[in-house]
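First the structure, in the form of structure tokens, and then the observations on it.
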There are 2 protein chains.
Amino acid sequence: MNQQSKAPRRFTLRDLAESLGVSKTTVSNAFSRPDQLSPELRERVLEAARAEGYAGPNPVARMLRTGRAGALGLILPESLPFALDDPTTSELIRGIADACEERRLGLLVVPGAIRVRDPRAITDVAVDGFIAYSLPWHTPVLEQVLVRGVPVVVVDEPRLPGVATVSVDDPGGARLAARHLVDLGHRRLGIVTLPFKPDGYTGRGDEARIAGATFDVARRRLAGYRAALSEAGVESGAVSVYECAHSDEELGRQAGRDLLEQAAPVTAILAMSDRLALGVLAAARELHVDVPGELSVVGFDDIAGAARSQPSLTTIRQPLRLKGYAAARFLLDAPGATPRDLGAGTVPVGGYELDFPVELVTRRSTAAASRT
Amino acid sequence: MNQQSKAPRRFTLRDLAESLGVSKTTVSNAFSRPDQLSPELRERVLEAARAEGYAGPNPVARMLRTGRAGALGLILPESLPFALDDPTTSELIRGIADACEERRLGLLVVPGAIRVRDPRAITDVAVDGFIAYSLPWHTPVLEQVLVRGVPVVVVDEPRLPGVATVSVDDPGGARLAARHLVDLGHRRLGIVTLPFKPDGYTGRGDEARIAGATFDVARRRLAGYRAALSEAGVESGAVSVYECAHSDEELGRQAGRDLLEQAAPVTAILAMSDRLALGVLAAARELHVDVPGELSVVGFDDIAGAARSQPSLTTIRQPLRLKGYAAARFLLDAPGATPRDLGAGTVPVGGYELDFPVELVTRRSTAAASRT
DNA sequence: TGGTGGTTCTGGATCGATCAAGAACAGTGC
DNA sequence: GCACTGTTCTTGATCGATCCAGAACCACCA
């Protein structure tokens, strides 16, 4: 048995060239650069390819030579099923997909970045650049990207010096939300936060945790809330903080119950996401607390469900889809360069950070404080 | 100026080997096969790599050599934003993602297969195999995959001889649905269908279109409905068919209005998807037609929203997530082989086709026919 | 002394394409 | 007849790794 190898060696471009008596370059050109050879010869090559069952150049070999992978990598903090459940994340993905389709690029999802420590999740993957979404500081997978030197754009967090970041004005948005409530006369407030650390903790806010926060968004939004409140003269003792491990309705409901059942219940709640706010509304319903009569609630994000809730949710609108689109465009057009207008209207630019503005959307979940 | 090339040539594994005075193989082993060299040398290599800023082997070069891409391709009929809007598709993606995460593989999305004719969408992409979802016959992108000889698993459609297909018992499910209605005494029925062709047509069913259908799912479900109805002696003239270009609530609503406003309105509607059925419920609400009092509605899929609708929807449950999981596992474990048990319970297997069973879920949207 | 076995490391071929430089040839204008 | 410009095609190097076969070395035992 002189069987050299089990697989009989694939039919390659070289084989096709030989069987036709032309050079490899010619065959390559027939597929990839039609203007470099006569139409007749090209047709002859393509015909022979069809006959031999050769379906065109191997993409990996081409990538190696050209250096382009034809795909964008998307690094998600949690698993993909989780991302699909979250309106914020899926809206962001829509924006990224918009840009990818414009450029005819694939989108390669690398999920579970918070959990996965294996660098091979990154090193094994062929992409032209990564978009990293909502990660805490010191995420191994992200650090792997950074050291590998592949172009990256971070969306939202972490804010790293020298790394392009697309985000929104979190502190400003938080200020708007808090300001709205104090303007309505609220003085006993609760804050329901996104996680400060990726350790799964849910419960009363703890100043030590807050000080050691590794999620920038929670940190920045909290800072915004607190700035507005202290400007309005609200003593910080009157503000309870409840931290949720994830942005979902169930944890928001838990937080809402906690804040409403405490000794001196709050008259208004600031939630760092709409999903959390929706959970707070559910808690209020359960406890027969009228919104907005007895309780005002402000969310953050303005997801589709915010306008449809009972009552509809006052919230801070951020351009989620545009954020995704801008991040992808920025990655594709200006790898390593400074941000600039992305054809998406006027965009505030500061160094490597591109923060979209946010706005307060007033709906039915907020009203003037009744009991003082 | 003796500047040979603009880019100063990347620092590669070979450079690291030379600067250390060891062979390339040794460096390669340090990264990829730790048991092939002494721990001391390995540490020395890794340390030098860190010092030089070398972040490990280039994934593309590795792929070329090893032949594995570390990612699965997912071919979607429409754009990704569209897929994310559709509970059926996103549930399928969840299942695929489950399998990918188990195997630590990336998921590369190739969207817009119906529209995109450019074969480069496929040829430019490095994956170990494709999952093609819900495509019509003669989709160029899919044919490109087939001729390229990359492993493929089709989910739902098209059913192609010799190509592994993961799907459900569509005709059986449709029979169950229709049977349920005739058992309840309904004799004047309407059918709201998924598209028969990818040409964007929405409107009354046309036998010519049906005969020339290129979407297998619509064809097979319709066949199932009709089989059950004719068995029950319902004259086909009493059954109006309305075709929708997409599976969404708005088109379902249009279809519902059409069927309810016709001269001899129907007493029951079979919808080929839950989203369409939900649209029919909306139409009934608008027209003040009571469901299930005056109209019974049966959907297909059992998406999450089916149980939550007003009234809750009787439907045919299919294991969407499992279907995605099974397709991915099949692709990974048995490329080119015949299907087999996938660790997901007993699964009916027939040649290259793996059809999961479906079941009727009876809820509040169906009741006995009142007016005869 | 020499044979055997086990580590540890190396050299060179190889994966399948693209690309730069140049050869061959035809056509054009003077 | 010559230089010049294009077009068309080819040669050989290159992208950056992995992998196979074997060299070198050490230890052990007969």
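Naming scheme: A, B, ... for chains in displayed order of the structure tokens; residues 1 onward per chain; ligands 1 onward as shown.
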
### Task
Check every residue of chain B for an atom within 6 Å of chain D, counting only C-alpha atoms (C1' of nucleotides), and provide those that qualify as a list of chain:residue names.
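In the required form, that comes to B:Ala61, B:Arg62, B:Arg65.
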
Could those residues be written to a file, using N, CA and C atoms, as a tab-separated table (two decimals), in the first residue's frame?
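What ended up in selection39.tsv:
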chain	number	residue	atom	x	y	z
B	61	ALA	N	-2.37	32.20	9.50
B	61	ALA	CA	-1.31	31.29	9.08
B	61	ALA	C	-1.55	29.91	9.69
B	62	ARG	N	-1.94	29.91	10.94
B	62	ARG	CA	-2.22	28.64	11.59
B	62	ARG	C	-3.35	27.91	10.90
B	65	ARG	N	-2.33	26.20	7.75
B	65	ARG	CA	-1.59	24.97	7.98
B	65	ARG	C	-2.47	23.86	8.55

Taking only residues of chain C that have an atom at most 10 Å from an atom of chain B, what is each one's shortest atom pair and its distance in Å to one decimal, using only C-alpha atoms (C1' of nucleotides), in chain and number order, as a tab-separated table?
residue	atom	partner	partner_atom	distance
C:DT7	C1'	B:Leu37	CA	8.5
C:DT8	C1'	B:Leu37	CA	6.0
C:DC9	C1'	B:Thr26	CA	7.0
C:DT10	C1'	B:Ser23	CA	6.0
C:DG11	C1'	B:Ser23	CA	8.5
C:DT14	C1'	B:Arg65	CA	8.0
C:DC15	C1'	B:Arg65	CA	4.6
C:DG16	C1'	B:Leu64	CA	7.7
C:DA17	C1'	B:Leu64	CA	9.8

C-alpha atoms (C1' of nucleotides) of the current selection, written as an mmCIF file, in the first residue's frame:
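Everything below was put into result-v2.cif:
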data_model
loop_
_atom_site.group_PDB
_atom_site.id
_atom_site.type_symbol
_atom_site.label_atom_id
_atom_site.label_comp_id
_atom_site.auth_asym_id
_atom_site.auth_seq_id
_atom_site.Cartn_x
_atom_site.Cartn_y
_atom_site.Cartn_z
ATOM 1 C "C1'" DT C 7 13.291 13.515 25.897
ATOM 2 C "C1'" DT C 8 14.224 17.666 23.722
ATOM 3 C "C1'" DC C 9 15.081 20.243 19.923
ATOM 4 C "C1'" DT C 10 15.928 21.344 14.707
ATOM 5 C "C1'" DG C 11 15.592 21.717 9.477
ATOM 6 C "C1'" DT C 14 4.291 22.499 3.175
ATOM 7 C "C1'" DC C 15 -0.485 24.738 3.495
ATOM 8 C "C1'" DG C 16 -2.760 27.681 -1.046
ATOM 9 C "C1'" DA C 17 -2.964 31.514 -2.402
#

Counting only C-alpha atoms, which residues in chain B sit no more than 7 Å from chain A? For each one, give the nearest pair of atoms and the distance in Å, sorted by chain then residue number, as CSV.
residue,atom,partner,partner_atom,distance
B:Gly53,CA,A:Val147,CA,6.9
B:Ala55,CA,A:Arg148,CA,4.9
B:Pro59,CA,A:Asp124,CA,5.0
B:Val60,CA,A:Leu64,CA,5.8
B:Ala61,CA,A:Leu64,CA,6.0
B:Met63,CA,A:Val60,CA,6.8
B:Leu64,CA,A:Val60,CA,5.8
B:Gly70,CA,A:Asp124,CA,6.6
B:Leu80,CA,A:Ala97,CA,6.3
B:Pro81,CA,A:Arg94,CA,4.9
B:Arg94,CA,A:Pro81,CA,4.9
B:Ala97,CA,A:Leu80,CA,6.3
B:Gly106,CA,A:Val110,CA,5.6
B:Leu107,CA,A:Val109,CA,5.3
B:Leu108,CA,A:Leu108,CA,4.1
B:Val109,CA,A:Leu107,CA,5.3
B:Val110,CA,A:Gly106,CA,5.6
B:Thr123,CA,A:Pro59,CA,6.1
B:Asp124,CA,A:Pro59,CA,5.0
B:Val125,CA,A:Pro59,CA,6.0
B:Ala126,CA,A:Pro59,CA,5.9
B:Val147,CA,A:Ala55,CA,6.0
B:Arg148,CA,A:Ala55,CA,4.8

Write a file of the selected residues as an mmCIF file, in the first residue's frame, keeping N, CA and C atoms.
data_model
loop_
_atom_site.group_PDB
_atom_site.id
_atom_site.type_symbol
_atom_site.label_atom_id
_atom_site.label_comp_id
_atom_site.auth_asym_id
_atom_site.auth_seq_id
_atom_site.Cartn_x
_atom_site.Cartn_y
_atom_site.Cartn_z
ATOM 1 N N GLY B 53 6.770 41.931 22.463
ATOM 2 C CA GLY B 53 5.424 42.314 22.055
ATOM 3 C C GLY B 53 4.832 41.355 21.039
ATOM 4 N N ALA B 55 2.421 38.467 20.282
ATOM 5 C CA ALA B 55 1.228 38.015 21.009
ATOM 6 C C ALA B 55 0.769 36.627 20.634
ATOM 7 N N PRO B 59 -3.314 33.795 13.575
ATOM 8 C CA PRO B 59 -4.393 32.810 13.420
ATOM 9 C C PRO B 59 -4.602 32.379 11.974
ATOM 10 N N VAL B 60 -4.399 33.284 11.055
ATOM 11 C CA VAL B 60 -4.648 32.929 9.661
ATOM 12 C C VAL B 60 -3.605 31.936 9.166
ATOM 13 N N ALA B 61 -2.368 32.199 9.499
ATOM 14 C CA ALA B 61 -1.307 31.289 9.081
ATOM 15 C C ALA B 61 -1.546 29.908 9.694
ATOM 16 N N MET B 63 -4.396 28.651 10.564
ATOM 17 C CA MET B 63 -5.535 28.038 9.883
ATOM 18 C C MET B 63 -5.105 27.384 8.583
ATOM 19 N N LEU B 64 -4.277 28.118 7.854
ATOM 20 C CA LEU B 64 -3.861 27.600 6.551
ATOM 21 C C LEU B 64 -3.180 26.256 6.742
ATOM 22 N N GLY B 70 -11.940 27.438 13.198
ATOM 23 C CA GLY B 70 -12.393 27.820 14.530
ATOM 24 C C GLY B 70 -13.679 28.613 14.553
ATOM 25 N N LEU B 80 -29.269 40.769 9.400
ATOM 26 C CA LEU B 80 -29.215 40.407 10.810
ATOM 27 C C LEU B 80 -30.227 41.190 11.658
ATOM 28 N N PRO B 81 -30.392 42.486 11.444
ATOM 29 C CA PRO B 81 -31.430 43.197 12.202
ATOM 30 C C PRO B 81 -32.795 42.526 12.056
ATOM 31 N N ARG B 94 -29.856 31.112 19.200
ATOM 32 C CA ARG B 94 -29.485 30.728 20.563
ATOM 33 C C ARG B 94 -28.991 29.291 20.612
ATOM 34 N N ALA B 97 -25.667 29.010 19.050
ATOM 35 C CA ALA B 97 -24.671 29.611 19.943
ATOM 36 C C ALA B 97 -24.349 28.667 21.102
ATOM 37 N N GLY B 106 -16.237 30.342 17.233
ATOM 38 C CA GLY B 106 -16.893 31.598 16.893
ATOM 39 C C GLY B 106 -18.085 31.336 15.988
ATOM 40 N N LEU B 107 -18.953 32.307 15.920
ATOM 41 C CA LEU B 107 -20.100 32.193 15.032
ATOM 42 C C LEU B 107 -20.042 33.365 14.071
ATOM 43 N N LEU B 108 -19.918 33.041 12.801
ATOM 44 C CA LEU B 108 -19.756 34.093 11.796
ATOM 45 C C LEU B 108 -21.028 34.221 10.988
ATOM 46 N N VAL B 109 -21.617 35.392 11.040
ATOM 47 C CA VAL B 109 -22.913 35.579 10.397
ATOM 48 C C VAL B 109 -22.761 36.127 8.981
ATOM 49 N N VAL B 110 -23.368 35.446 8.051
ATOM 50 C CA VAL B 110 -23.379 35.877 6.656
ATOM 51 C C VAL B 110 -24.837 36.178 6.310
ATOM 52 N N THR B 123 -17.100 32.908 -0.481
ATOM 53 C CA THR B 123 -15.731 32.494 -0.768
ATOM 54 C C THR B 123 -14.708 33.253 0.063
ATOM 55 N N ASP B 124 -15.074 34.399 0.580
ATOM 56 C CA ASP B 124 -14.108 35.206 1.308
ATOM 57 C C ASP B 124 -14.045 34.889 2.789
ATOM 58 N N VAL B 125 -14.811 33.928 3.191
ATOM 59 C CA VAL B 125 -15.036 33.749 4.605
ATOM 60 C C VAL B 125 -14.423 32.436 5.089
ATOM 61 N N ALA B 126 -13.739 32.504 6.229
ATOM 62 C CA ALA B 126 -13.061 31.312 6.731
ATOM 63 C C ALA B 126 -13.880 30.642 7.830
ATOM 64 N N VAL B 147 -20.889 23.951 -4.037
ATOM 65 C CA VAL B 147 -19.841 23.666 -5.001
ATOM 66 C C VAL B 147 -18.470 23.768 -4.339
ATOM 67 N N ARG B 148 -18.375 24.611 -3.321
ATOM 68 C CA ARG B 148 -17.094 24.743 -2.648
ATOM 69 C C ARG B 148 -16.782 23.523 -1.810
#

* Asked: Would you give me, as a list in words, the residues in segment 213-303 of chain B that DSSP reads as strand (DSSP E)?
  -> Val239, Ser240, Val241, Tyr242, Glu243, Ala268, Ile269, Leu270, Ala271, Ser296, Val297 and Val298 of chain B

- request: Please return as a ChimeraX atom specification: the residues of segment 79-190 of chain B that backbone DSSP assigns to alpha helix (DSSP H).
  value: /B:80-85,87-102,120-123,140-148,170-183

Excluding Val192 of chain B and its own-chain neighbours fewer than 3 positions away, which residues fall within 12 Å of it when counting only C-alpha atoms (C1' of nucleotides)? Please give them as an NGL selection string. :B and (189 or 195-196 or 202-205 or 218 or 221-222 or 225 or 239-249 or 251-260 or 266 or 268-280 or 297-300)

Write the residues of the selection above to a file with C-alpha atoms, as a PDB file, in the first residue's frame.
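Result written to out11.pdb:
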ATOM      1  CA  LEU B 189     -61.373  28.172   7.116  1.00  0.00           C
ATOM      2  CA  PRO B 195     -44.077  33.150   1.432  1.00  0.00           C
ATOM      3  CA  PHE B 196     -44.025  30.599  -1.364  1.00  0.00           C
ATOM      4  CA  THR B 202     -48.414  39.555  -0.343  1.00  0.00           C
ATOM      5  CA  GLY B 203     -52.003  38.801  -1.210  1.00  0.00           C
ATOM      6  CA  ARG B 204     -54.552  36.166  -2.037  1.00  0.00           C
ATOM      7  CA  GLY B 205     -53.162  32.718  -2.653  1.00  0.00           C
ATOM      8  CA  ALA B 218     -44.682  26.934   3.148  1.00  0.00           C
ATOM      9  CA  ARG B 221     -47.201  23.076   5.733  1.00  0.00           C
ATOM     10  CA  LEU B 222     -49.845  23.925   3.192  1.00  0.00           C
ATOM     11  CA  TYR B 225     -53.239  21.599   6.156  1.00  0.00           C
ATOM     12  CA  VAL B 239     -60.647  27.480   2.205  1.00  0.00           C
ATOM     13  CA  SER B 240     -59.147  30.857   1.343  1.00  0.00           C
ATOM     14  CA  VAL B 241     -55.402  31.203   1.234  1.00  0.00           C
ATOM     15  CA  TYR B 242     -53.586  34.457   1.927  1.00  0.00           C
ATOM     16  CA  GLU B 243     -49.841  34.609   1.370  1.00  0.00           C
ATOM     17  CA  CYS B 244     -47.581  36.922   3.350  1.00  0.00           C
ATOM     18  CA  ALA B 245     -44.160  37.991   2.110  1.00  0.00           C
ATOM     19  CA  HIS B 246     -42.663  37.757   5.585  1.00  0.00           C
ATOM     20  CA  SER B 247     -43.455  36.318   8.935  1.00  0.00           C
ATOM     21  CA  ASP B 248     -44.488  39.416  10.823  1.00  0.00           C
ATOM     22  CA  GLU B 249     -47.414  40.769  12.774  1.00  0.00           C
ATOM     23  CA  LEU B 251     -48.691  41.252   7.402  1.00  0.00           C
ATOM     24  CA  GLY B 252     -50.612  38.823   9.592  1.00  0.00           C
ATOM     25  CA  ARG B 253     -52.942  41.647  10.472  1.00  0.00           C
ATOM     26  CA  GLN B 254     -53.485  42.458   6.806  1.00  0.00           C
ATOM     27  CA  ALA B 255     -54.186  38.833   6.088  1.00  0.00           C
ATOM     28  CA  GLY B 256     -56.596  38.617   9.000  1.00  0.00           C
ATOM     29  CA  ARG B 257     -58.540  41.657   7.852  1.00  0.00           C
ATOM     30  CA  ASP B 258     -58.762  40.280   4.354  1.00  0.00           C
ATOM     31  CA  LEU B 259     -60.088  36.932   5.480  1.00  0.00           C
ATOM     32  CA  LEU B 260     -62.510  38.423   7.977  1.00  0.00           C
ATOM     33  CA  VAL B 266     -64.113  32.346   7.953  1.00  0.00           C
ATOM     34  CA  ALA B 268     -61.115  29.703  11.831  1.00  0.00           C
ATOM     35  CA  ILE B 269     -57.686  30.661  10.618  1.00  0.00           C
ATOM     36  CA  LEU B 270     -54.579  28.548  10.273  1.00  0.00           C
ATOM     37  CA  ALA B 271     -51.445  30.680  10.343  1.00  0.00           C
ATOM     38  CA  MET B 272     -48.088  29.255   9.355  1.00  0.00           C
ATOM     39  CA  SER B 273     -46.255  31.180  12.058  1.00  0.00           C
ATOM     40  CA  ASP B 274     -47.077  32.603  15.445  1.00  0.00           C
ATOM     41  CA  ARG B 275     -46.148  36.107  14.365  1.00  0.00           C
ATOM     42  CA  LEU B 276     -48.687  35.876  11.574  1.00  0.00           C
ATOM     43  CA  ALA B 277     -51.228  34.451  14.013  1.00  0.00           C
ATOM     44  CA  LEU B 278     -50.584  37.290  16.429  1.00  0.00           C
ATOM     45  CA  GLY B 279     -51.288  39.684  13.574  1.00  0.00           C
ATOM     46  CA  VAL B 280     -54.541  37.864  12.892  1.00  0.00           C
ATOM     47  CA  VAL B 297     -56.790  30.895  15.402  1.00  0.00           C
ATOM     48  CA  VAL B 298     -53.941  28.397  15.354  1.00  0.00           C
ATOM     49  CA  GLY B 299     -50.346  29.450  14.929  1.00  0.00           C
ATOM     50  CA  PHE B 300     -47.114  27.562  14.347  1.00  0.00           C
TER      51      PHE B 300
END

Pairwise distance, atom CA of Ala113 of chain A with atom CA of Leu142 of chain A, equals 7.8 Å

Quiz item: Distance atom CA of Gly185 of chain B-atom CA of Thr315 of chain B, one decimal place?
Solution: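 It comes out at 17.5 Å.
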
query: How many Å separate atom CA of Arg179 of chain B from atom CA of Leu229 of chain B?
result: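 Separation of atom CA of Arg179 of chain B and atom CA of Leu229 of chain B: 7.1 Å.
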
Residues within 7 Å of Arg175 of chain A, only C-alpha atoms (C1' of nucleotides), excluding chain neighbours under 6 positions, as a PDB file with C-alpha atoms, in the first residue's frame:
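Output file part26.pdb follows:
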ATOM      1  CA  GLY A 224     -23.852  61.849  37.382  1.00  0.00           C
ATOM      2  CA  TYR A 225     -26.821  61.071  39.608  1.00  0.00           C
ATOM      3  CA  ALA A 227     -23.612  65.280  41.232  1.00  0.00           C
ATOM      4  CA  ALA A 228     -27.101  66.452  40.306  1.00  0.00           C
TER       5      ALA A 228
END

Long-range neighbours of segment 357-366 of chain A as a PyMOL selection string, 6 Å cut-off, only C-alpha atoms (C1' of nucleotides), 3 positions minimum in chain: chain A and resi 168-169+173+291-292+296-297+311-318

Output file for the selection above: N, CA and C atoms, as an mmCIF file, in the first residue's frame:
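Result saved to out-v1.cif:
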data_model
loop_
_atom_site.group_PDB
_atom_site.id
_atom_site.type_symbol
_atom_site.label_atom_id
_atom_site.label_comp_id
_atom_site.auth_asym_id
_atom_site.auth_seq_id
_atom_site.Cartn_x
_atom_site.Cartn_y
_atom_site.Cartn_z
ATOM 1 N N VAL A 168 -21.719 57.080 25.200
ATOM 2 C CA VAL A 168 -22.608 58.234 25.299
ATOM 3 C C VAL A 168 -22.210 59.035 26.527
ATOM 4 N N ASP A 169 -22.829 60.166 26.639
ATOM 5 C CA ASP A 169 -22.542 61.022 27.779
ATOM 6 C C ASP A 169 -23.270 60.478 29.005
ATOM 7 N N GLY A 173 -26.261 62.211 31.051
ATOM 8 C CA GLY A 173 -27.581 61.606 31.026
ATOM 9 C C GLY A 173 -28.101 61.370 32.436
ATOM 10 N N VAL A 291 -47.770 54.469 40.293
ATOM 11 C CA VAL A 291 -46.780 55.217 39.511
ATOM 12 C C VAL A 291 -47.548 56.000 38.453
ATOM 13 N N PRO A 292 -47.427 57.272 38.375
ATOM 14 C CA PRO A 292 -46.468 58.122 39.084
ATOM 15 C C PRO A 292 -47.018 58.766 40.361
ATOM 16 N N SER A 296 -42.162 57.957 41.353
ATOM 17 C CA SER A 296 -41.688 58.295 40.009
ATOM 18 C C SER A 296 -40.503 57.401 39.665
ATOM 19 N N VAL A 297 -40.439 57.010 38.399
ATOM 20 C CA VAL A 297 -39.352 56.132 37.959
ATOM 21 C C VAL A 297 -38.748 56.675 36.670
ATOM 22 N N PRO A 311 -47.123 52.374 33.512
ATOM 23 C CA PRO A 311 -47.209 53.495 32.567
ATOM 24 C C PRO A 311 -45.951 53.573 31.722
ATOM 25 N N SER A 312 -46.021 54.336 30.668
ATOM 26 C CA SER A 312 -44.850 54.485 29.800
ATOM 27 C C SER A 312 -43.717 55.133 30.612
ATOM 28 N N LEU A 313 -42.523 54.819 30.209
ATOM 29 C CA LEU A 313 -41.373 55.120 31.054
ATOM 30 C C LEU A 313 -40.638 56.405 30.658
ATOM 31 N N THR A 314 -40.489 57.286 31.615
ATOM 32 C CA THR A 314 -39.591 58.424 31.424
ATOM 33 C C THR A 314 -38.164 57.877 31.459
ATOM 34 N N THR A 315 -37.371 58.320 30.518
ATOM 35 C CA THR A 315 -36.037 57.713 30.451
ATOM 36 C C THR A 315 -35.046 58.627 29.742
ATOM 37 N N ILE A 316 -33.800 58.193 29.735
ATOM 38 C CA ILE A 316 -32.754 58.917 29.015
ATOM 39 C C ILE A 316 -32.499 58.166 27.718
ATOM 40 N N ARG A 317 -32.726 58.828 26.611
ATOM 41 C CA ARG A 317 -32.555 58.153 25.331
ATOM 42 C C ARG A 317 -31.107 58.201 24.881
ATOM 43 N N GLN A 318 -30.603 57.054 24.503
ATOM 44 C CA GLN A 318 -29.274 57.039 23.889
ATOM 45 C C GLN A 318 -29.379 56.336 22.538
#
